$ cat work-v3.txt   # compact mmCIF, C-alpha atoms
# COMPACT_ATOMS: atom_id res chain seq x y z
CA MET A 1 18.52 -0.51 -2.49
CA ALA A 2 15.07 1.13 -2.61
CA GLU A 3 15.10 2.15 1.05
CA ASN A 4 18.20 4.30 0.45
CA LYS A 5 16.52 6.28 -2.32
CA LYS A 6 14.19 9.25 -1.95
CA ARG A 7 10.58 8.11 -1.49
CA ILE A 8 8.21 9.39 -4.18
CA TYR A 9 4.64 9.17 -2.94
CA LEU A 10 1.37 8.46 -4.68
CA SER A 11 -0.32 11.40 -2.96
CA CYS A 12 0.48 12.73 0.49
CA PRO A 13 -0.30 15.87 2.53
CA THR A 14 1.17 19.22 1.55
CA MET A 15 1.20 21.76 4.36
CA HIS A 16 1.61 25.50 3.81
CA GLY A 17 1.77 27.19 7.21
CA GLU A 18 -1.69 28.77 7.47
CA GLU A 19 -2.94 25.51 8.97
CA GLN A 20 -0.80 26.09 12.03
CA LYS A 21 -2.36 29.50 12.63
CA TYR A 22 -5.85 28.02 12.95
CA VAL A 23 -4.62 25.08 15.01
CA GLN A 24 -2.79 27.47 17.35
CA GLU A 25 -5.99 29.46 17.78
CA ALA A 26 -7.73 26.26 18.87
CA PHE A 27 -5.02 25.66 21.47
CA ASP A 28 -4.87 29.27 22.61
CA THR A 29 -8.62 29.36 23.20
CA ASN A 30 -8.72 25.78 24.59
CA TRP A 31 -11.13 24.70 21.80
CA VAL A 32 -9.51 21.30 21.25
CA ALA A 33 -12.61 19.14 21.60
CA PRO A 34 -15.22 18.47 18.91
CA LEU A 35 -17.06 21.59 17.79
CA GLY A 36 -15.81 25.12 18.08
CA PRO A 37 -15.12 28.17 15.89
CA ASN A 38 -12.94 26.31 13.36
CA VAL A 39 -15.64 23.69 12.76
CA ASN A 40 -18.28 26.35 12.17
CA ALA A 41 -15.99 28.38 9.91
CA PHE A 42 -14.81 25.33 7.93
CA GLU A 43 -18.43 24.40 7.19
CA GLU A 44 -19.19 27.95 6.09
CA GLU A 45 -16.10 28.07 3.89
CA ILE A 46 -16.96 24.76 2.19
CA VAL A 47 -20.48 26.07 1.57
CA LYS A 48 -19.08 29.24 0.04
CA TYR A 49 -16.56 27.38 -2.12
CA THR A 50 -18.90 24.65 -3.43
CA GLY A 51 -22.26 26.43 -3.33
CA CYS A 52 -23.70 23.36 -1.60
CA GLY A 53 -26.21 25.11 0.67
CA TYR A 54 -25.38 23.55 4.05
CA ALA A 55 -22.58 21.39 5.44
CA ALA A 56 -21.78 19.24 8.47
CA ALA A 57 -18.11 18.61 9.27
CA LEU A 58 -17.55 15.00 10.33
CA SER A 59 -14.81 12.60 11.35
CA ALA A 60 -14.58 10.89 7.94
CA GLY A 61 -16.10 10.74 4.49
CA THR A 62 -17.40 7.29 5.43
CA ALA A 63 -19.30 8.83 8.34
CA ALA A 64 -20.85 11.30 5.89
CA ILE A 65 -22.06 8.47 3.62
CA HIS A 66 -23.41 6.61 6.63
CA LEU A 67 -25.41 9.62 7.81
CA ALA A 68 -26.75 10.16 4.27
CA VAL A 69 -27.91 6.55 4.26
CA LYS A 70 -29.52 6.99 7.71
CA LEU A 71 -31.23 10.24 6.79
CA LEU A 72 -32.81 8.60 3.74
CA GLY A 73 -34.35 5.97 6.01
CA ILE A 74 -32.47 3.10 4.41
CA GLY A 75 -32.67 -0.08 6.44
CA GLN A 76 -32.84 -3.84 6.45
CA GLY A 77 -34.11 -5.32 3.20
CA ASP A 78 -33.76 -2.11 1.19
CA VAL A 79 -31.82 -2.11 -2.07
CA VAL A 80 -29.25 0.58 -2.86
CA PHE A 81 -27.56 0.94 -6.25
CA VAL A 82 -23.88 1.86 -5.87
CA SER A 83 -20.83 2.33 -8.06
CA ASP A 84 -18.84 -0.89 -8.45
CA LEU A 85 -15.45 0.59 -9.33
CA THR A 86 -14.66 2.34 -6.06
CA PHE A 87 -13.16 1.96 -2.60
CA SER A 88 -15.16 -0.11 -0.12
CA ALA A 89 -15.94 2.95 2.04
CA THR A 90 -18.52 3.95 -0.59
CA CYS A 91 -20.67 0.89 0.02
CA ASN A 92 -19.84 -0.27 3.56
CA PRO A 93 -22.39 2.12 5.14
CA ILE A 94 -25.16 0.41 3.15
CA CYS A 95 -24.28 -2.75 5.03
CA TYR A 96 -24.04 -0.93 8.38
CA GLU A 97 -27.81 -0.47 8.05
CA LYS A 98 -28.34 -4.07 6.85
CA ALA A 99 -29.47 -2.91 3.43
CA THR A 100 -28.44 -4.66 0.21
CA PRO A 101 -25.97 -3.14 -2.25
CA VAL A 102 -26.43 -3.79 -5.95
CA PHE A 103 -23.25 -2.90 -7.79
CA ILE A 104 -23.39 -0.87 -11.00
CA ASP A 105 -20.56 -1.29 -13.50
CA ALA A 106 -18.39 1.53 -14.80
CA GLU A 107 -18.56 2.85 -18.35
CA PRO A 108 -15.42 3.33 -20.48
CA ASP A 109 -15.82 7.06 -21.20
CA THR A 110 -15.18 8.29 -17.63
CA TRP A 111 -14.72 5.06 -15.59
CA ASN A 112 -17.73 6.12 -13.51
CA MET A 113 -21.19 4.63 -13.01
CA SER A 114 -22.66 3.41 -16.28
CA PRO A 115 -26.10 4.90 -17.06
CA LYS A 116 -26.72 1.85 -19.25
CA ALA A 117 -26.03 -0.54 -16.36
CA LEU A 118 -28.06 1.68 -14.02
CA ARG A 119 -31.10 1.33 -16.30
CA LYS A 120 -30.62 -2.45 -16.23
CA ALA A 121 -30.66 -2.31 -12.44
CA PHE A 122 -33.95 -0.39 -12.37
CA GLU A 123 -35.49 -2.97 -14.69
CA LYS A 124 -34.60 -5.74 -12.24
CA TYR A 125 -35.09 -3.78 -9.00
CA PRO A 126 -37.71 -1.07 -9.66
CA ASN A 127 -37.82 0.29 -6.10
CA PRO A 128 -34.33 0.97 -4.72
CA LYS A 129 -34.04 3.43 -1.86
CA ALA A 130 -31.07 5.37 -3.27
CA VAL A 131 -28.29 5.56 -5.86
CA ILE A 132 -24.72 6.24 -4.68
CA CYS A 133 -22.51 7.47 -7.50
CA VAL A 134 -18.74 8.03 -7.25
CA HIS A 135 -16.64 10.57 -9.14
CA LEU A 136 -13.64 8.29 -9.57
CA TYR A 137 -10.12 9.73 -9.20
CA GLY A 138 -11.63 13.22 -9.47
CA THR A 139 -13.35 12.79 -12.85
CA PRO A 140 -17.05 13.78 -12.83
CA ALA A 141 -19.56 11.08 -13.72
CA LYS A 142 -22.18 11.44 -16.47
CA LEU A 143 -24.41 13.35 -14.10
CA ASP A 144 -27.07 14.49 -16.56
CA GLU A 145 -27.86 10.92 -17.55
CA ILE A 146 -27.64 9.51 -14.03
CA MET A 147 -29.80 12.27 -12.55
CA GLU A 148 -32.37 11.89 -15.31
CA ILE A 149 -32.69 8.16 -14.53
CA CYS A 150 -32.99 8.86 -10.80
CA LYS A 151 -35.63 11.52 -11.46
CA GLU A 152 -37.64 9.15 -13.69
CA HIS A 153 -37.84 6.69 -10.80
CA ASN A 154 -38.07 9.29 -8.00
CA VAL A 155 -34.99 7.88 -6.28
CA PRO A 156 -32.52 10.13 -4.42
CA LEU A 157 -28.88 10.42 -5.50
CA ILE A 158 -25.95 10.47 -3.08
CA GLU A 159 -22.75 11.79 -4.66
CA ASP A 160 -19.56 10.30 -3.31
CA ALA A 161 -17.26 13.20 -4.15
CA ALA A 162 -14.56 12.02 -1.74
CA GLU A 163 -11.99 12.14 -4.53
CA SER A 164 -13.39 15.06 -6.51
CA LEU A 165 -13.51 18.18 -4.35
CA SER A 166 -12.95 21.13 -6.73
CA SER A 167 -13.96 19.11 -9.81
CA THR A 168 -16.91 20.57 -11.72
CA TYR A 169 -19.57 19.27 -14.09
CA LYS A 170 -20.85 21.89 -16.52
CA GLY A 171 -19.47 24.55 -14.20
CA GLN A 172 -21.06 23.23 -11.00
CA GLN A 173 -19.10 21.63 -8.18
CA THR A 174 -19.37 17.86 -7.84
CA GLY A 175 -21.12 16.89 -4.64
CA THR A 176 -23.85 19.52 -5.13
CA PHE A 177 -26.12 17.74 -7.63
CA GLY A 178 -27.66 14.98 -5.51
CA LYS A 179 -29.84 14.90 -2.42
CA PHE A 180 -26.57 14.59 -0.50
CA GLY A 181 -22.91 15.03 -1.36
CA ILE A 182 -19.90 13.89 0.61
CA TYR A 183 -16.28 15.01 0.67
CA SER A 184 -13.23 13.37 2.24
CA PHE A 185 -10.21 15.07 3.80
CA ASN A 186 -8.20 11.89 4.32
CA GLY A 187 -4.43 12.25 4.27
CA ASN A 188 -4.06 11.43 0.57
CA LYS A 189 -6.88 13.66 -0.74
CA ILE A 190 -6.45 16.92 -2.63
CA ILE A 191 -6.71 18.78 0.69
CA THR A 192 -6.51 17.07 4.05
CA THR A 193 -7.43 17.51 7.69
CA SER A 194 -5.40 14.34 8.47
CA GLY A 195 -8.76 12.58 8.68
CA GLY A 196 -12.22 14.01 8.23
CA GLY A 197 -15.16 14.48 5.92
CA MET A 198 -18.14 16.66 5.11
CA LEU A 199 -21.80 15.95 4.41
CA VAL A 200 -23.47 18.59 2.25
CA ALA A 201 -27.03 19.21 1.08
CA ASP A 202 -29.39 22.00 0.06
CA ASP A 203 -31.81 21.02 2.84
CA GLU A 204 -31.00 22.83 6.09
CA ALA A 205 -33.21 20.53 8.19
CA LEU A 206 -31.38 17.43 6.96
CA ILE A 207 -27.97 18.89 7.79
CA ARG A 208 -29.26 19.98 11.19
CA GLU A 209 -30.36 16.39 11.83
CA ALA A 210 -26.99 15.11 10.60
CA ARG A 211 -25.26 17.29 13.18
CA ASN A 212 -27.57 15.92 15.85
CA LEU A 213 -26.92 12.29 14.87
CA SER A 214 -23.19 12.94 14.69
CA THR A 215 -23.12 14.14 18.33
CA GLN A 216 -24.84 11.07 19.82
CA ALA A 217 -28.36 12.36 19.07
CA ARG A 218 -28.78 14.02 22.42
CA ASP A 219 -32.27 15.43 23.02
CA GLN A 220 -32.87 19.07 23.92
CA ALA A 221 -32.99 18.51 27.66
CA ARG A 222 -30.96 19.63 30.65
CA HIS A 223 -30.13 16.06 31.51
CA TYR A 224 -28.64 13.51 29.11
CA GLN A 225 -31.59 12.05 27.25
CA HIS A 226 -31.62 10.15 23.97
CA SER A 227 -34.63 9.16 21.87
CA LYS A 228 -32.66 7.69 18.98
CA ILE A 229 -29.30 6.06 18.33
CA GLY A 230 -26.54 8.53 17.56
CA TYR A 231 -22.88 8.44 16.59
CA ASN A 232 -19.59 10.06 17.59
CA TYR A 233 -18.94 11.45 14.12
CA ARG A 234 -18.31 15.17 14.64
CA MET A 235 -15.08 16.79 13.45
CA SER A 236 -12.76 18.24 16.09
CA ASN A 237 -11.95 21.92 16.24
CA VAL A 238 -8.22 21.18 15.84
CA VAL A 239 -8.72 19.09 12.70
CA ALA A 240 -11.08 21.70 11.24
CA GLY A 241 -8.31 24.27 11.67
CA ILE A 242 -6.05 22.21 9.44
CA GLY A 243 -8.85 22.06 6.87
CA ARG A 244 -9.32 25.83 6.89
CA GLY A 245 -5.65 26.38 6.14
CA GLN A 246 -5.69 23.73 3.42
CA LEU A 247 -8.79 25.13 1.74
CA LEU A 248 -6.90 28.35 1.03
CA HIS A 249 -4.68 26.33 -1.33
CA LEU A 250 -7.26 24.05 -2.97
CA GLU A 251 -7.16 25.71 -6.39
CA GLU A 252 -3.36 25.73 -6.28
CA HIS A 253 -3.38 21.99 -5.52
CA LYS A 254 -5.82 21.35 -8.35
CA GLN A 255 -3.66 23.27 -10.82
CA ARG A 256 -0.62 21.22 -9.88
CA LYS A 257 -2.57 17.94 -10.15
CA ASN A 258 -3.68 18.99 -13.64
CA GLU A 259 -0.08 19.76 -14.60
CA ILE A 260 1.00 16.29 -13.47
CA TYR A 261 -1.75 14.65 -15.55
CA ARG A 262 -0.76 16.65 -18.64
CA GLN A 263 2.90 15.80 -18.15
CA TYR A 264 2.13 12.09 -18.09
CA GLN A 265 -0.23 12.48 -21.05
CA GLU A 266 2.40 14.22 -23.18
CA ALA A 267 5.16 11.81 -22.17
CA PHE A 268 3.12 8.73 -23.10
CA ALA A 269 1.52 10.18 -26.24
CA ASP A 270 3.71 8.12 -28.59
CA ILE A 271 3.50 4.85 -26.63
CA LYS A 272 0.72 2.77 -28.16
CA ASP A 273 0.56 0.46 -25.14
CA ILE A 274 -0.50 3.25 -22.71
CA THR A 275 -3.79 5.10 -22.39
CA MET A 276 -4.41 7.75 -19.71
CA ASN A 277 -7.56 7.63 -17.59
CA PRO A 278 -10.29 9.43 -19.57
CA MET A 279 -11.72 12.88 -18.87
CA ASN A 280 -15.39 13.85 -19.03
CA PRO A 281 -15.73 16.51 -21.78
CA ASP A 282 -18.60 18.06 -19.80
CA GLY A 283 -16.50 18.30 -16.66
CA ASP A 284 -13.33 19.74 -15.21
CA SER A 285 -11.44 17.12 -13.18
CA ASN A 286 -9.17 17.83 -10.24
CA ASN A 287 -7.05 14.87 -11.47
CA TRP A 288 -6.59 13.67 -7.90
CA LEU A 289 -4.78 10.61 -9.24
CA SER A 290 -3.36 10.19 -12.72
CA CYS A 291 -3.83 6.65 -14.00
CA ILE A 292 -2.90 4.58 -17.02
CA THR A 293 -4.20 1.42 -18.61
CA LEU A 294 -2.07 -0.92 -20.66
CA ARG A 295 -3.19 -2.12 -24.05
CA GLU A 296 -4.68 -5.61 -23.98
CA GLY A 297 -1.94 -8.00 -24.98
CA CYS A 298 0.85 -5.67 -23.87
CA VAL A 299 4.01 -7.68 -23.14
CA VAL A 300 4.60 -5.64 -19.96
CA SER A 301 2.22 -6.30 -17.08
CA VAL A 302 0.74 -3.98 -14.47
CA ASN A 303 2.72 -5.77 -11.77
CA GLU A 304 5.98 -5.34 -13.70
CA ILE A 305 5.42 -1.57 -13.83
CA MET A 306 4.59 -1.39 -10.14
CA ASP A 307 7.58 -3.59 -9.23
CA ALA A 308 9.95 -1.45 -11.33
CA LEU A 309 8.69 1.71 -9.62
CA GLU A 310 8.89 0.17 -6.14
CA ALA A 311 12.48 -0.91 -6.82
CA GLU A 312 13.25 2.82 -7.05
CA ASN A 313 11.22 3.60 -3.90
CA ILE A 314 8.35 5.05 -5.96
CA GLU A 315 4.82 4.44 -4.74
CA SER A 316 2.06 3.39 -7.14
CA ARG A 317 -1.03 1.25 -6.70
CA PRO A 318 -3.56 -0.77 -8.65
CA ILE A 319 -6.88 0.62 -9.76
CA TRP A 320 -9.62 -0.08 -7.20
CA LYS A 321 -10.65 -3.74 -7.31
CA PRO A 322 -14.36 -3.72 -8.23
CA MET A 323 -16.70 -4.33 -5.34
CA HIS A 324 -18.52 -7.26 -6.95
CA LEU A 325 -15.18 -9.13 -6.97
CA GLN A 326 -14.54 -8.54 -3.26
CA PRO A 327 -14.98 -11.61 -1.00
CA VAL A 328 -16.99 -9.60 1.53
CA PHE A 329 -19.63 -8.85 -1.13
CA ALA A 330 -19.83 -12.33 -2.62
CA GLY A 331 -23.46 -13.02 -3.49
CA CYS A 332 -24.41 -9.38 -4.08
CA ASP A 333 -25.91 -8.62 -7.47
CA PHE A 334 -23.97 -6.81 -10.17
CA MET A 335 -25.08 -5.02 -13.34
CA ASN A 336 -22.59 -5.29 -16.20
CA HIS A 337 -22.26 -2.41 -18.67
CA ASN A 338 -21.44 -5.01 -21.33
CA GLU A 339 -23.93 -7.56 -22.61
CA GLY A 340 -21.71 -10.38 -21.43
CA GLY A 341 -18.18 -11.34 -20.55
CA ILE A 342 -15.77 -9.27 -18.51
CA SER A 343 -17.14 -6.04 -17.11
CA VAL A 344 -15.75 -2.59 -17.84
CA GLY A 345 -14.61 -2.16 -14.23
CA GLU A 346 -12.83 -5.51 -14.07
CA ASP A 347 -11.06 -4.79 -17.36
CA ILE A 348 -9.83 -1.43 -16.04
CA PHE A 349 -8.69 -3.10 -12.81
CA ASN A 350 -6.78 -5.77 -14.73
CA ARG A 351 -4.94 -3.29 -16.96
CA GLY A 352 -4.66 -0.18 -14.80
CA VAL A 353 -2.13 1.54 -12.52
CA CYS A 354 -2.42 4.71 -10.40
CA LEU A 355 0.77 6.74 -10.87
CA PRO A 356 2.48 9.06 -8.38
CA SER A 357 0.39 12.23 -8.36
CA ASP A 358 1.82 14.09 -5.39
CA ILE A 359 1.89 17.83 -5.95
CA LYS A 360 5.39 17.99 -4.43
CA ASN A 361 6.83 15.88 -7.25
CA THR A 362 9.81 17.74 -8.67
CA PRO A 363 10.70 17.83 -12.39
CA GLU A 364 13.40 15.27 -11.56
CA ASP A 365 10.84 13.03 -9.84
CA MET A 366 8.51 13.14 -12.84
CA GLU A 367 11.38 12.48 -15.24
CA LYS A 368 12.39 9.45 -13.16
CA ILE A 369 8.87 7.99 -13.03
CA ILE A 370 8.26 8.53 -16.72
CA GLY A 371 11.68 7.19 -17.62
CA ILE A 372 11.09 3.92 -15.79
CA ILE A 373 7.73 3.32 -17.45
CA CYS A 374 8.89 4.34 -20.92
CA GLY A 375 12.00 2.22 -20.53
CA LEU A 376 9.89 -0.88 -19.87
CA LEU A 377 7.52 -0.28 -22.76
CA ARG A 378 10.06 0.78 -25.36
CA LYS A 379 12.23 -2.31 -25.02
$ encode --input "work-v3.txt" --output "structure tokens"
Amino acid sequence: MAENKKRIYLSCPTMHGEEQKYVQEAFDTNWVAPLGPNVNAFEEEIVKYTGCGYAAALSAGTAAIHLAVKLLGIGQGDVVFVSDLTFSATCNPICYEKATPVFIDAEPDTWNMSPKALRKAFEKYPNPKAVICVHLYGTPAKLDEIMEICKEHNVPLIEDAAESLSSTYKGQQTGTFGKFGIYSFNGNKIITTSGGGMLVADDEALIREARNLSTQARDQARHYQHSKIGYNYRMSNVVAGIGRGQLLHLEEHKQRKNEIYRQYQEAFADIKDITMNPMNPDGDSNNWLSCITLREGCVVSVNEIMDALEAENIESRPIWKPMHLQPVFAGCDFMNHNEGGISVGEDIFNRGVCLPSDIKNTPEDMEKIIGIICGLLRK
């Protein structure tokens, strides 16, 4: 039975030991509450690694998106263009502020926001307050085209780089192109703090205000005084210590993720029914998750592959279900990359599977995963 077999995970934390040193320092100095030396140092180290300018360490990547939305003054009645093929955390903060998301389809070359669909959106809604673009599964979006469109319309770009820390586009780190960038350190990301995120920008004043909002927006007064609504979004000093230890191994994690992608790619090269998730030739992906799509008309279904893996206690999952198909966003507008019919994102969702991409996968694990999939498709 599956429960008696070793569990092979999609992507889970990998600890190295240095994390404990920083966490122990937090305990030894009694800095266990939000803020403290680890928080300050983690922000500085992210700035140094990414070249982002300034950073605010927060409780989640979602909190970072929310603060970006707040800092851009987005509110009730405003329209925000946002990637459709993503996790709901990308667009939920738009709704926190009672603004209206308009979902932008993916394009087939990278699975990210379609510049073609984005132009359609500007034709219909000429005055959105922002564009939120995701770098899906670690693959950089077509940033030159997207940024050019945003610049033409003088609309700020928020980069959701939750999945793409360490990925680059033309040599520059994702998350550093837009007005704001966000990173996630959730438990399944390329590095983790167990839970946490980071808001980054080149504007020091905006990051200073983000830190203020994230600590309940307390005024500079001896007594507790508040002139605006704030949030409890700051990262704790203990969690930041985990992040500092993890950051030391980010490039190592990326290298292993890339090896896993290449191993799948080589193993499936002669199977006509399988295509790997595409890479952006202008970028360098961290390959956070390796994914496949099945050829249309393939006799084996996505669910059959996932069921066969689960029977061996191997975790996989579907591609993100596009946001315009989610019940909670029924009635929101959607811009299709195609001229009609099924969208690019829905097609990828229907035919796609995220494969185990944990950096602790052994050669035997990879052989087992690949063997199961190849066995199904070579029958």
$ residues_around --input "work-v3.txt" --residues "A:Tyr54" --least-positions-apart "5" --cutoff "6 Å" --atoms "all atoms listed in the file" --output "list in words"
Val200, Ala201 and Asp202 of chain A
$ closest_atom_pairs --input "work-v3.txt" --of "stretch 96-165 of chain A" --to "stretch 320-334 of chain A" --cutoff "9 Å" --atoms "all atoms listed in the file" --output "Markdown table"
| residue | atom | partner | partner_atom | distance |
| --- | --- | --- | --- | --- |
| A:Thr100 | CA | A:Cys332 | CA | 7.5 |
| A:Pro101 | CA | A:Cys332 | CA | 6.7 |
| A:Val102 | CA | A:Asp333 | CA | 5.1 |
| A:Phe103 | CA | A:Phe334 | CA | 4.6 |
| A:Ile104 | CA | A:Phe334 | CA | 6.0 |
| A:Asp105 | CA | A:Phe334 | CA | 7.3 |
| A:Ala121 | CA | A:Phe334 | CA | 8.4 |
$ closest_residue --input "work-v3.txt" --among "A:Ala240, A:Ile229, A:Val23, A:Met335" --to "A:Met113" --atoms "only C-alpha atoms"
A:Met335
$ residues_near_point --input "work-v3.txt" --point "(-13.8, 14.6, -8.3)" --cutoff "10 Å" --atoms "only C-alpha atoms" --output "ChimeraX atom specification"
/A:134-141,160-169,173-175,183,190,283-289
$ atom_distance --input "work-v3.txt" --atom1 "atom CA of A:Glu19" --atom2 "atom CA of A:Thr192"
10.4 Å
